[in-house]
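Next up, input_19.txt (compact mmCIF, C-alpha atoms):
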```txt
# COMPACT_ATOMS: atom_id res chain seq x y z
CA MET A 1 0.00 0.00 0.00
CA PRO A 2 1.51 3.34 -0.99
CA SER A 3 2.27 5.76 1.79
CA ARG A 4 0.50 9.08 2.06
CA ILE A 5 2.28 12.09 0.68
CA PRO A 6 1.48 15.20 2.74
CA VAL A 7 0.81 18.44 0.90
CA HIS A 8 1.45 21.99 2.13
CA ILE A 9 -0.42 24.75 0.29
CA ASP A 10 0.13 28.33 1.42
CA GLY A 11 0.03 27.62 5.15
CA GLN A 12 -2.58 24.85 4.96
CA ASP A 13 -1.52 21.22 5.48
CA PHE A 14 -3.29 18.25 3.94
CA PRO A 15 -2.45 14.68 5.03
CA SER A 16 -2.39 13.39 1.43
CA ILE A 17 -2.60 14.34 -2.23
CA ASN A 18 -6.07 12.83 -2.33
CA LYS A 19 -7.38 14.97 0.57
CA ALA A 20 -6.00 18.13 -1.03
CA SER A 21 -7.52 17.39 -4.43
CA LEU A 22 -10.88 16.50 -2.82
CA PHE A 23 -10.89 19.85 -1.01
CA TYR A 24 -10.50 21.75 -4.31
CA ARG A 25 -12.93 19.49 -6.18
CA GLU A 26 -15.60 20.26 -3.58
CA ILE A 27 -15.14 23.93 -4.38
CA LEU A 28 -15.36 23.13 -8.09
CA HIS A 29 -18.62 21.20 -7.70
CA ARG A 30 -20.29 24.03 -5.76
CA HIS A 31 -20.37 26.09 -8.97
CA GLN A 32 -21.86 25.60 -12.44
CA PRO A 33 -19.91 26.12 -15.70
CA GLY A 34 -19.85 29.81 -16.59
CA GLN A 35 -20.26 30.93 -12.97
CA SER A 36 -17.69 33.00 -11.16
CA VAL A 37 -16.39 31.32 -8.02
CA SER A 38 -17.51 32.93 -4.74
CA ASP A 39 -15.06 35.26 -2.97
CA PRO A 40 -14.06 32.83 -0.17
CA ASP A 41 -13.56 30.07 -2.74
CA GLN A 42 -11.57 32.39 -5.04
CA TYR A 43 -9.26 33.06 -2.11
CA GLU A 44 -8.61 29.32 -1.71
CA ILE A 45 -7.99 28.78 -5.45
CA LYS A 46 -5.64 31.77 -5.63
CA ARG A 47 -3.67 30.29 -2.70
CA LEU A 48 -3.34 27.04 -4.63
CA ILE A 49 -2.19 28.85 -7.78
CA HIS A 50 0.31 30.94 -5.82
CA SER A 51 1.79 27.85 -4.13
CA ALA A 52 1.94 25.84 -7.35
CA GLN A 53 3.73 28.60 -9.28
CA ARG A 54 6.64 28.69 -6.81
CA THR A 55 7.01 32.40 -7.45
CA PRO A 56 6.17 35.40 -5.28
CA GLU A 57 3.66 36.50 -7.93
CA VAL A 58 0.07 36.34 -6.64
CA PRO A 59 -2.83 36.42 -9.15
CA ALA A 60 -3.99 40.04 -9.60
CA SER A 61 -6.93 41.17 -7.48
CA ASP A 62 -9.01 41.87 -10.61
CA THR A 63 -8.44 38.29 -11.82
CA GLN A 64 -11.66 36.31 -11.79
CA ILE A 65 -11.82 32.56 -11.35
CA ARG A 66 -14.67 30.83 -13.11
CA VAL A 67 -15.77 27.28 -13.70
CA ILE A 68 -15.62 26.21 -17.33
CA GLN A 69 -16.21 23.04 -19.26
CA GLY A 70 -12.76 21.81 -20.18
CA LYS A 71 -11.48 18.94 -22.26
CA TYR A 72 -13.56 15.78 -22.47
CA GLY A 73 -16.57 17.55 -20.93
CA ARG A 74 -14.99 17.84 -17.49
CA HIS A 75 -15.39 20.97 -15.43
CA CYS A 76 -12.34 22.93 -14.31
CA PHE A 77 -11.31 26.31 -12.97
CA ALA A 78 -10.13 29.04 -15.33
CA LEU A 79 -8.35 32.33 -14.66
CA HIS A 80 -9.93 35.27 -16.47
CA GLU A 81 -7.70 38.33 -16.59
CA LYS A 82 -8.56 41.51 -18.42
CA GLY A 83 -7.10 41.51 -21.92
CA ARG A 84 -5.92 37.88 -21.80
CA PRO A 85 -7.46 34.61 -22.91
CA ALA A 86 -8.83 32.31 -20.19
CA GLN A 87 -6.26 29.98 -18.66
CA ALA A 88 -7.49 26.57 -17.47
CA ILE A 89 -6.20 25.34 -14.12
CA SER A 90 -5.57 21.67 -13.37
CA ILE A 91 -6.26 20.86 -9.73
CA MET A 92 -4.10 17.72 -9.76
CA ARG A 93 -1.16 19.37 -11.52
CA SER A 94 -1.28 22.30 -9.10
CA VAL A 95 -1.45 20.04 -6.04
CA ARG A 96 1.44 17.91 -7.31
CA GLN A 97 3.56 21.02 -7.90
CA CYS A 98 3.04 21.93 -4.27
CA ILE A 99 4.44 18.54 -3.24
CA LEU A 100 7.59 19.07 -5.29
CA SER A 101 8.09 22.48 -3.74
CA ILE A 102 8.41 21.04 -0.21
CA GLU A 103 10.19 17.73 -0.89
CA GLY A 104 13.47 19.24 -1.97
CA PRO A 105 15.98 17.23 -4.00
CA SER A 106 15.00 13.73 -5.01
CA SER A 107 16.11 11.05 -2.56
CA SER A 108 17.37 8.95 -5.48
CA ILE A 109 20.20 11.43 -6.10
CA GLN A 110 23.25 10.29 -4.19
CA PRO A 111 25.90 12.81 -3.14
CA GLN A 112 29.21 12.28 -4.93
CA PRO A 113 32.32 11.83 -2.83
CA THR A 114 34.81 14.66 -3.06
CA ALA A 115 38.52 14.19 -3.60
CA ALA A 116 40.66 15.05 -0.61
```
This structure in structure tokens:
Amino acid sequence: MPSRIPVHIDGQDFPSINKASLFYREILHRHQPGQSVSDPDQYEIKRLIHSAQRTPEVPASDTQIRVIQGKYGRHCFALHEKGRPAQAISIMRSVRQCILSIEGPSSSIQPQPTAA
């Protein structure tokens, strides 16, 4: 049985990848395609985006997050910024990027001995 991989997203800890993705999917399912996400939910999604980007850049305050129908008829979040095309957001990709940001170097990389 695989072990749980904890996830840390902008100050919020989840015990596993699955728990984190379920949290964001619940937000997704509270809204219909074409709807803007409520303010408290937008805050949570922007935290996820900020953590996944690994940059100090936070989505602009005028950026709207909406639910759209993505590929294969699935619903997903999309960033709508003034003057830019909508950008779809993958919950799983974002959550996984947050894992990589806290794990550090891969454990499979062995340090090389140095010559004395």
Adding 6 Å on each side of the box along x, y and z that holds all listed atoms of segment 5-15 of chain A, could you give its centre and edge lengths in Å to one decimal, as JSON?
```
{"center_x": -0.5, "center_y": 20.2, "center_z": 2.9, "size_x": 17.6, "size_y": 28.2, "size_z": 17.2}
```
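Taking all atoms listed in the file, the non-local environment of Ala78 of chain A within 8 Å (same-chain residues fewer than 6 positions away omitted) comprises Ile65, Arg66, Val67, Ile68, Ala86, Gln87, Ala88 and Ile89 of chain A.
Proximity ranking of A:Gln69, A:Ser51, A:Val95, A:Thr63 relative to His31 of chain A places A:Gln69 first, based on all atoms listed in the file.
Distances here use all atoms listed in the file; by that measure, the residue among A:Arg25, A:His50, A:Arg74, A:Leu79 closest to Ile91 of chain A is A:Arg25.
With distances restricted to all atoms listed in the file, A:Met92 is the closest residue to Tyr24 of chain A from A:Arg4, A:Arg84, A:Met92, A:Gln53.
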Residues near Asp41 of chain A, cut-off 10 Å, only C-alpha atoms, skip fewer than 3 positions along chain, as a VMD selection string: chain A and resid 24 27 to 28 30 36 to 38 44 to 47 65
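The smallest atom-to-atom distance between Arg96 of chain A and any of A:Gly73, A:Ile49, A:His80, A:Gln12, using all atoms listed in the file, is found for A:Ile49.
Minimum distance to Cys76 of chain A across A:Ser3, A:Gln97, A:Gln32, A:Gln64 (counting only C-alpha atoms) occurs at A:Gln32.
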Atomic distance atom CA of Pro6 of chain A - atom CA of Asp39 of chain A, expressed in Å with one decimal: 26.6 Å
One-decimal distance in Å that lies between atom CA of Phe23 of chain A and atom CA of His8 of chain A: 12.9 Å
Point-to-point distance in Å for atom CA of Ser94 of chain A and atom CA of Glu26 of chain A: 15.5 Å
Residue nearest Ile9 of chain A - candidates A:Ser90, A:Pro40, A:Cys98, A:Pro85, atoms counted: all atoms listed in the file: A:Cys98
